[in-house]
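Next comes structure-v9.pdb, with PDB, C-alpha atoms and all ligand atoms.
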ATOM      1  CA  MET A  21      63.492 -28.582 -68.194
ATOM      2  CA  GLU A  22      60.328 -26.534 -67.939
ATOM      3  CA  GLU A  23      57.965 -27.300 -65.093
ATOM      4  CA  THR A  24      54.233 -27.076 -64.761
ATOM      5  CA  ASN A  25      53.177 -23.552 -63.891
ATOM      6  CA  GLU A  26      51.625 -24.411 -60.510
ATOM      7  CA  ARG A  27      50.553 -20.824 -59.823
ATOM      8  CA  LEU A  28      48.527 -20.736 -63.010
ATOM      9  CA  VAL A  29      46.996 -24.143 -62.285
ATOM     10  CA  ASN A  30      46.091 -23.055 -58.721
ATOM     11  CA  ARG A  31      44.615 -19.781 -59.968
ATOM     12  CA  LYS A  32      42.455 -21.497 -62.558
ATOM     13  CA  GLU A  33      41.290 -24.044 -59.975
ATOM     14  CA  ALA A  34      40.289 -21.147 -57.689
ATOM     15  CA  TRP A  35      38.392 -19.518 -60.572
ATOM     16  CA  ALA A  36      36.440 -22.730 -61.043
ATOM     17  CA  GLN A  37      35.591 -22.873 -57.331
ATOM     18  CA  ALA A  38      34.440 -19.230 -57.431
ATOM     19  CA  LYS A  39      32.526 -19.844 -60.688
ATOM     20  CA  ARG A  40      34.349 -16.787 -62.050
ATOM     21  CA  GLY A  41      32.976 -14.924 -65.026
ATOM     22  CA  LEU A  42      29.524 -16.467 -65.205
ATOM     23  CA  THR A  43      27.144 -13.841 -66.584
ATOM     24  CA  GLU A  44      23.994 -15.881 -66.577
ATOM     25  CA  GLU A  45      24.215 -18.008 -63.476
ATOM     26  CA  GLY A  46      20.781 -19.181 -62.479
ATOM     27  CA  VAL A  47      19.430 -18.800 -66.001
ATOM     28  CA  PRO A  48      18.424 -22.229 -67.293
ATOM     29  CA  PRO A  49      20.825 -23.214 -70.114
ATOM     30  CA  ASP A  50      18.066 -23.794 -72.644
ATOM     31  CA  THR A  51      16.747 -20.228 -72.277
ATOM     32  CA  ARG A  52      20.114 -18.469 -72.674
ATOM     33  CA  LYS A  53      20.745 -16.292 -75.716
ATOM     34  CA  ARG A  54      22.525 -18.182 -78.430
ATOM     35  CA  GLU A  55      22.130 -16.033 -81.507
ATOM     36  CA  SER A  56      25.394 -14.098 -80.973
ATOM     37  CA  ARG A  57      28.567 -15.299 -82.641
ATOM     38  CA  LEU A  58      30.433 -14.312 -79.443
ATOM     39  CA  PRO A  59      29.412 -16.646 -76.591
ATOM     40  CA  PRO A  60      28.159 -15.018 -73.349
ATOM     41  CA  GLY A  61      30.855 -13.630 -71.056
ATOM     42  CA  GLN A  62      33.521 -13.703 -73.801
ATOM     43  CA  HIS A  63      35.430 -10.798 -75.401
ATOM     44  CA  ILE A  64      37.335 -10.738 -78.673
ATOM     45  CA  THR A  65      41.085 -10.551 -78.364
ATOM     46  CA  LYS A  66      43.527  -9.437 -81.024
ATOM     47  CA  GLY A  67      46.385 -11.802 -81.733
ATOM     48  CA  TRP A  68      46.457 -15.259 -80.219
ATOM     49  CA  PRO A  69      47.344 -15.660 -76.526
ATOM     50  CA  VAL A  70      49.279 -18.716 -75.373
ATOM     51  CA  LEU A  71      47.685 -20.641 -72.512
ATOM     52  CA  ASP A  72      48.878 -23.991 -71.208
ATOM     53  CA  LEU A  73      50.519 -25.731 -68.259
ATOM     54  CA  GLY A  74      53.864 -24.071 -68.997
ATOM     55  CA  ILE A  75      55.669 -27.029 -70.536
ATOM     56  CA  HIS A  76      56.288 -26.618 -74.266
ATOM     57  CA  PRO A  77      57.587 -30.038 -75.355
ATOM     58  CA  THR A  78      60.006 -30.186 -78.249
ATOM     59  CA  THR A  79      59.569 -33.195 -80.476
ATOM     60  CA  SER A  80      61.638 -33.319 -83.627
ATOM     61  CA  LEU A  81      59.506 -34.280 -86.602
ATOM     62  CA  SER A  82      61.518 -37.501 -87.006
ATOM     63  CA  ASP A  83      60.593 -38.581 -83.437
ATOM     64  CA  TRP A  84      57.023 -37.340 -83.517
ATOM     65  CA  ALA A  85      54.262 -39.974 -83.487
ATOM     66  CA  LEU A  86      50.527 -39.987 -82.874
ATOM     67  CA  THR A  87      48.936 -43.216 -81.643
ATOM     68  CA  ILE A  88      45.205 -43.775 -82.060
ATOM     69  CA  SER A  89      43.957 -46.844 -80.221
ATOM     70  CA  GLY A  90      41.515 -48.311 -77.711
ATOM     71  CA  ALA A  91      38.048 -49.442 -78.803
ATOM     72  CA  VAL A  92      38.761 -49.313 -82.537
ATOM     73  CA  ALA A  93      38.926 -51.908 -85.300
ATOM     74  CA  GLN A  94      42.230 -50.645 -86.707
ATOM     75  CA  PRO A  95      44.608 -48.930 -84.260
ATOM     76  CA  VAL A  96      47.334 -46.841 -85.930
ATOM     77  CA  THR A  97      50.478 -44.954 -85.088
ATOM     78  CA  TRP A  98      51.203 -42.151 -87.499
ATOM     79  CA  THR A  99      54.683 -40.793 -88.002
ATOM     80  CA  TRP A 100      54.976 -37.236 -89.296
ATOM     81  CA  GLU A 101      55.262 -38.630 -92.848
ATOM     82  CA  ASP A 102      52.141 -40.740 -92.331
ATOM     83  CA  PHE A 103      50.287 -37.708 -90.986
ATOM     84  CA  LEU A 104      51.140 -35.670 -94.089
ATOM     85  CA  LYS A 105      49.953 -38.537 -96.325
ATOM     86  CA  GLN A 106      46.425 -38.248 -94.926
ATOM     87  CA  PRO A 107      44.042 -35.914 -96.788
ATOM     88  CA  GLN A 108      44.657 -32.341 -95.623
ATOM     89  CA  VAL A 109      41.636 -30.076 -95.292
ATOM     90  CA  THR A 110      41.107 -26.440 -94.349
ATOM     91  CA  SER A 111      38.547 -25.002 -91.969
ATOM     92  CA  LEU A 112      37.672 -21.514 -90.736
ATOM     93  CA  SER A 113      36.505 -21.224 -87.130
ATOM     94  CA  ASP A 114      36.462 -19.254 -83.899
ATOM     95  CA  PHE A 115      38.308 -20.167 -80.696
ATOM     96  CA  HIS A 116      36.882 -19.585 -77.197
ATOM     97  CA  CYS A 117      39.044 -19.882 -74.069
ATOM     98  CA  VAL A 118      37.181 -20.364 -70.793
ATOM     99  CA  THR A 119      39.236 -17.515 -69.252
ATOM    100  CA  THR A 120      36.968 -15.288 -71.445
ATOM    101  CA  TRP A 121      39.029 -14.463 -74.537
ATOM    102  CA  SER A 122      37.935 -15.481 -78.019
ATOM    103  CA  THR A 123      39.569 -15.196 -81.436
ATOM    104  CA  PHE A 124      37.566 -15.091 -84.660
ATOM    105  CA  ASP A 125      38.319 -16.395 -88.148
ATOM    106  CA  ASN A 126      41.192 -18.772 -87.611
ATOM    107  CA  HIS A 127      42.251 -20.584 -90.784
ATOM    108  CA  TRP A 128      43.182 -24.112 -89.803
ATOM    109  CA  GLU A 129      44.714 -26.803 -91.945
ATOM    110  CA  GLY A 130      45.240 -30.459 -91.125
ATOM    111  CA  VAL A 131      43.526 -33.838 -90.904
ATOM    112  CA  SER A 132      39.835 -33.957 -90.089
ATOM    113  CA  PHE A 133      38.697 -36.020 -87.139
ATOM    114  CA  ARG A 134      36.154 -37.639 -89.449
ATOM    115  CA  HIS A 135      38.961 -38.878 -91.665
ATOM    116  CA  LEU A 136      40.672 -40.330 -88.588
ATOM    117  CA  LEU A 137      37.396 -42.098 -87.714
ATOM    118  CA  SER A 138      37.288 -43.633 -91.189
ATOM    119  CA  VAL A 139      40.819 -44.990 -90.705
ATOM    120  CA  VAL A 140      40.565 -46.486 -87.205
ATOM    121  CA  ARG A 141      36.817 -47.352 -87.264
ATOM    122  CA  PRO A 142      35.642 -47.119 -83.630
ATOM    123  CA  LEU A 143      33.793 -50.165 -82.320
ATOM    124  CA  SER A 144      30.102 -49.656 -81.664
ATOM    125  CA  ALA A 145      30.798 -49.744 -77.909
ATOM    126  CA  ALA A 146      33.166 -46.734 -78.169
ATOM    127  CA  ARG A 147      31.437 -43.631 -76.816
ATOM    128  CA  PHE A 148      34.252 -41.448 -75.416
ATOM    129  CA  VAL A 149      37.599 -40.103 -76.562
ATOM    130  CA  LEU A 150      40.596 -39.250 -74.375
ATOM    131  CA  PHE A 151      43.357 -37.030 -75.753
ATOM    132  CA  SER A 152      46.853 -37.209 -74.190
ATOM    133  CA  SER A 153      49.681 -34.824 -74.971
ATOM    134  CA  TYR A 154      53.458 -34.639 -74.897
ATOM    135  CA  ASP A 155      53.304 -32.203 -71.940
ATOM    136  CA  GLY A 156      51.296 -34.674 -69.828
ATOM    137  CA  TYR A 157      47.984 -32.875 -70.412
ATOM    138  CA  THR A 158      44.762 -34.798 -70.998
ATOM    139  CA  THR A 159      41.232 -33.864 -72.004
ATOM    140  CA  ASN A 160      38.112 -35.898 -72.743
ATOM    141  CA  LEU A 161      35.069 -35.646 -74.990
ATOM    142  CA  PRO A 162      32.116 -37.761 -76.045
ATOM    143  CA  LEU A 163      32.772 -39.357 -79.429
ATOM    144  CA  GLU A 164      29.764 -37.551 -80.904
ATOM    145  CA  ALA A 165      31.379 -34.173 -80.109
ATOM    146  CA  CYS A 166      34.513 -35.197 -82.022
ATOM    147  CA  ASP A 167      32.536 -36.580 -84.956
ATOM    148  CA  ASP A 168      31.963 -33.110 -86.406
ATOM    149  CA  GLU A 169      33.154 -31.483 -89.615
ATOM    150  CA  ASP A 170      35.040 -28.665 -87.836
ATOM    151  CA  VAL A 171      37.106 -30.901 -85.508
ATOM    152  CA  LEU A 172      40.664 -31.075 -86.834
ATOM    153  CA  LEU A 173      44.112 -32.368 -86.005
ATOM    154  CA  THR A 174      45.710 -29.190 -87.165
ATOM    155  CA  CYS A 175      49.285 -28.500 -88.207
ATOM    156  CA  LYS A 176      48.829 -25.052 -89.796
ATOM    157  CA  TRP A 177      47.275 -21.800 -88.596
ATOM    158  CA  ASN A 178      46.684 -18.936 -91.027
ATOM    159  CA  ALA A 179      48.791 -20.716 -93.666
ATOM    160  CA  GLU A 180      51.865 -21.052 -91.419
ATOM    161  CA  PRO A 181      53.063 -24.219 -89.639
ATOM    162  CA  LEU A 182      51.611 -24.298 -86.145
ATOM    163  CA  THR A 183      54.260 -22.913 -83.781
ATOM    164  CA  LYS A 184      55.499 -24.929 -80.830
ATOM    165  CA  GLU A 185      53.906 -22.521 -78.340
ATOM    166  CA  HIS A 186      50.469 -23.152 -79.889
ATOM    167  CA  GLY A 187      50.863 -26.936 -79.849
ATOM    168  CA  GLY A 188      52.880 -27.718 -82.966
ATOM    169  CA  PRO A 189      53.538 -29.897 -84.768
ATOM    170  CA  VAL A 190      49.948 -31.122 -84.285
ATOM    171  CA  ARG A 191      47.143 -30.051 -81.959
ATOM    172  CA  VAL A 192      43.425 -30.702 -81.826
ATOM    173  CA  ILE A 193      40.763 -28.015 -82.247
ATOM    174  CA  VAL A 194      37.130 -28.494 -81.240
ATOM    175  CA  PRO A 195      35.525 -25.152 -82.132
ATOM    176  CA  LYS A 196      32.093 -25.837 -80.584
ATOM    177  CA  ARG A 197      33.651 -26.428 -77.130
ATOM    178  CA  TYR A 198      35.872 -24.250 -74.932
ATOM    179  CA  ALA A 199      39.459 -24.323 -76.105
ATOM    180  CA  TRP A 200      40.801 -26.536 -73.305
ATOM    181  CA  LYS A 201      39.067 -29.449 -75.063
ATOM    182  CA  GLY A 202      41.644 -29.105 -77.864
ATOM    183  CA  ALA A 203      44.871 -30.848 -76.878
ATOM    184  CA  LYS A 204      48.106 -29.119 -77.949
ATOM    185  CA  TRP A 205      51.085 -31.424 -78.789
ATOM    186  CA  VAL A 206      48.687 -34.343 -79.122
ATOM    187  CA  LYS A 207      50.361 -37.726 -78.649
ATOM    188  CA  GLU A 208      47.598 -40.286 -78.100
ATOM    189  CA  ILE A 209      43.915 -40.496 -78.911
ATOM    190  CA  THR A 210      42.150 -43.315 -77.087
ATOM    191  CA  PHE A 211      38.600 -44.484 -77.766
ATOM    192  CA  ALA A 212      36.742 -46.023 -74.841
ATOM    193  CA  GLU A 213      33.405 -47.254 -73.592
ATOM    194  CA  ARG A 214      33.754 -45.161 -70.445
ATOM    195  CA  ASP A 215      34.454 -41.488 -69.916
ATOM    196  CA  LYS A 216      37.670 -40.462 -68.154
ATOM    197  CA  PRO A 217      37.894 -36.828 -66.994
ATOM    198  CA  GLY A 218      41.012 -34.948 -68.109
ATOM    199  CA  PHE A 219      43.349 -32.415 -66.463
ATOM    200  CA  TRP A 220      40.917 -29.500 -66.115
ATOM    201  CA  GLU A 221      37.845 -31.697 -65.839
ATOM    202  CA  VAL A 222      39.146 -33.011 -62.477
ATOM    203  CA  ARG A 223      39.988 -29.442 -61.380
ATOM    204  CA  GLY A 224      36.538 -27.895 -61.392
ATOM    205  CA  TYR A 225      35.961 -27.383 -65.120
ATOM    206  CA  SER A 226      32.951 -28.673 -67.008
ATOM    207  CA  ASN A 227      32.965 -32.104 -68.575
ATOM    208  CA  THR A 228      30.948 -30.809 -71.539
ATOM    209  CA  ALA A 229      32.356 -27.241 -71.973
ATOM    210  CA  LEU A 230      29.708 -25.654 -74.202
ATOM    211  CA  PRO A 231      30.495 -21.931 -74.769
ATOM    212  CA  TRP A 232      26.980 -20.805 -75.732
ATOM    213  CA  GLU A 233      25.574 -22.310 -72.558
ATOM    214  CA  GLU A 234      28.340 -20.738 -70.444
ATOM    215  CA  ASP A 235      29.039 -24.245 -69.354
ATOM    216  CA  ARG A 236      32.430 -23.343 -67.844
ATOM    217  CA  TYR A 237      32.529 -25.263 -64.576
ATOM    218  CA  GLY A 238      31.670 -28.628 -63.141
ATOM    219  CA  TYR A 239      29.298 -29.066 -60.221
TER
HETATM  220  N1  LIG B   1      48.683 -30.177 -74.237
HETATM  221  C1  LIG B   1      47.995 -29.131 -73.791
HETATM  222  N2  LIG B   1      46.917 -28.727 -74.498
HETATM  223  C2  LIG B   1      46.200 -27.656 -74.084
HETATM  224  C3  LIG B   1      46.541 -26.969 -72.891
HETATM  225  C4  LIG B   1      47.679 -27.426 -72.172
HETATM  226  O1  LIG B   1      48.063 -26.897 -71.113
HETATM  227  N3  LIG B   1      48.384 -28.498 -72.663
HETATM  228  N4  LIG B   1      45.779 -25.885 -72.513
HETATM  229  C5  LIG B   1      44.412 -25.774 -73.044
HETATM  230  C6  LIG B   1      43.828 -24.474 -72.821
HETATM  231  S1  LIG B   1      43.286 -24.126 -71.258
HETATM  232  C7  LIG B   1      43.612 -23.580 -73.845
HETATM  233  S2  LIG B   1      42.747 -22.146 -73.630
HETATM  234  C8  LIG B   1      44.176 -23.809 -75.191
HETATM  235  C9  LIG B   1      45.076 -22.643 -75.538
HETATM  236  O2  LIG B   1      45.688 -22.806 -76.780
HETATM  237  P1  LIG B   1      46.729 -21.684 -77.244
HETATM  238  O3  LIG B   1      47.820 -21.609 -76.200
HETATM  239  O4  LIG B   1      47.218 -22.113 -78.563
HETATM  240  O5  LIG B   1      45.969 -20.387 -77.290
HETATM  241  O6  LIG B   1      44.917 -25.015 -75.264
HETATM  242  C10 LIG B   1      44.369 -26.095 -74.533
HETATM  243  N5  LIG B   1      45.129 -27.278 -74.829
HETATM  244 MO    MO B   2      41.864 -22.182 -71.501
END
Please re-express this file's structure in structure tokens.
Amino acid sequence: MEETNERLVNRKEAWAQAKRGLTEEGVPPDTRKRESRLPPGQHITKGWPVLDLGIHPTTSLSDWALTISGAVAQPVTWTWEDFLKQPQVTSLSDFHCVTTWSTFDNHWEGVSFRHLLSVVRPLSAARFVLFSSYDGYTTNLPLEACDDEDVLLTCKWNAEPLTKEHGGPVRVIVPKRYAWKGAKWVKEITFAERDKPGFWEVRGYSNTALPWEEDRYGY
């Protein structure tokens, strides 16, 4: 059984305390440069690094399920077959990890978050979304950040099934936020009236995670 990589978790917590990698600290967010495709303090990496807690859960497709519940009119649990029956879309986007690497032009394929919204129909009181994964990871976002055309539950990357190390069979991508907001091996999506900080959000990382504002850390 794999265990959480405590050294990595401790190192990333220390980076948050040290506010590592901030290039524009002290510059008010609304005056920072935003015209560049590459967010401030990021560099482009070739290939696609793997970054997670160190546990790569194996779920056979016959056991896999995704439950979407909470403040919604129609909670659902999708099996793998159900997931494939949903409309599959493609999307091209960039990926920005808070540890400063970015990848450009990823071809994603899967189910759009907006489709999911049309199925479960969040109640008007629902304002936040919590993602929980098969490795025990969690991350949170405002509903309005998820209600965007480029937010996907993705099962394919560059025309190939998403590998286990990158979160297969299904992970979330939220291209306008740092990559930790996209849960690999997603298991549950819960809509709520109140926000609930996730794994990195309680360890010094930003609740909002906006790359172009270098919004890496919490205060
Ligand atoms: N379930 C889960 N999702 C996760 C993580 C994790 O540890 N567990 N790490 C996050 C972080 S910090 C990053 S940068 C991206 C990395 O995705 P990749 O390994 O496919 O590059 O996944 C995010 N989603
Ligand atoms: Mo990350």
Name the residues captured by the PyMOL selection byres (((chain A and resi 144-152) around 8) and not hetatm) when it is applied to the shown file; answer as a PyMOL selection string. chain A and resi 91-92+142-143+153-154+156-164+166+203+206-216+218
So that I can check the surroundings of Val131 (chain A), please list as a ChimeraX atom specification every protein, DNA and RNA residue that reaches within 7 Å of it, counting only C-alpha atoms and ignoring chain neighbours fewer than 2 positions away. /A:106-109,133,135,172-174
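Within the 10 Å cut-off around Pro195 (chain A), using all atoms listed in the file and omitting residues fewer than 5 positions from it on the same chain, the listed residues are Leu112, Ser113, Asp114, Phe115, His116, Asp168, Asp170, Val171, Leu172, Lys201, Gly202, Leu230 and Pro231 of chain A.
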Could those residues be written to a file, using C-alpha atoms, as an mmCIF file, keeping the file's coordinate frame?
data_model
loop_
_atom_site.group_PDB
_atom_site.id
_atom_site.type_symbol
_atom_site.label_atom_id
_atom_site.label_comp_id
_atom_site.auth_asym_id
_atom_site.auth_seq_id
_atom_site.Cartn_x
_atom_site.Cartn_y
_atom_site.Cartn_z
ATOM 1 C CA LEU A 112 37.672 -21.514 -90.736
ATOM 2 C CA SER A 113 36.505 -21.224 -87.130
ATOM 3 C CA ASP A 114 36.462 -19.254 -83.899
ATOM 4 C CA PHE A 115 38.308 -20.167 -80.696
ATOM 5 C CA HIS A 116 36.882 -19.585 -77.197
ATOM 6 C CA ASP A 168 31.963 -33.110 -86.406
ATOM 7 C CA ASP A 170 35.040 -28.665 -87.836
ATOM 8 C CA VAL A 171 37.106 -30.901 -85.508
ATOM 9 C CA LEU A 172 40.664 -31.075 -86.834
ATOM 10 C CA LYS A 201 39.067 -29.449 -75.063
ATOM 11 C CA GLY A 202 41.644 -29.105 -77.864
ATOM 12 C CA LEU A 230 29.708 -25.654 -74.202
ATOM 13 C CA PRO A 231 30.495 -21.931 -74.769
#
Could you state which residues are captured by the PyMOL selection byres (((chain A and resi 226) around 8) and not hetatm) in this file, as a PyMOL selection string? chain A and resi 221+224-225+227-229+235-239
List the residues matched by the PyMOL selection byres (((not hetatm)) within 10 of (chain B and resi 1)) in the displayed structure as a ChimeraX atom specification, ordered by chain and then by residue number. /A:24-25,29,32,67-77,115-123,151-159,182-188,191-193,198-207,219-220
Looking at all atoms listed in the file, which of A:Arg134, A:Lys105, A:His63, A:Arg223 is the one that sits closest to Asn30 (chain A)?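 That would be A:Arg223, the residue with the smallest distance to Asn30 (chain A).
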With all atoms listed in the file as the atoms that count, which of A:Arg197, A:Arg57, A:Arg27, A:Lys176 lies nearest to ligand MO 2 (chain B)? A:Arg197
CA of Glu233 (chain A) to atom MO of ligand MO 2 (chain B): how many Å, to one decimal?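 Here the two named atoms are 16.3 Å from each other.
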Using only C-alpha atoms and all ligand atoms, can you tell me which of A:Phe124, A:Ser89, A:Glu23, A:Glu33 comes closest to ligand MO 2 (chain B)?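 Answer, going by the shortest atom-to-atom distance: A:Glu33.
The spacing separating CA of Asp167 (chain A) from CA of Glu234 (chain A) amounts to 21.9 Å.
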Just to confirm, what's the straight-line distance from CA of Val190 (chain A) to CA of Ser132 (chain A) in Å (one decimal)?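 CA of Ser132 (chain A) lies 12.0 Å from CA of Val190 (chain A).
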Considering only C-alpha atoms, can you say which of A:Pro59, A:Leu104, A:Leu28, A:Ala38 comes closest to Trp232 (chain A)?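 Comparing A:Pro59, A:Leu104, A:Leu28, A:Ala38 against Trp232 (chain A), the winner is A:Pro59.
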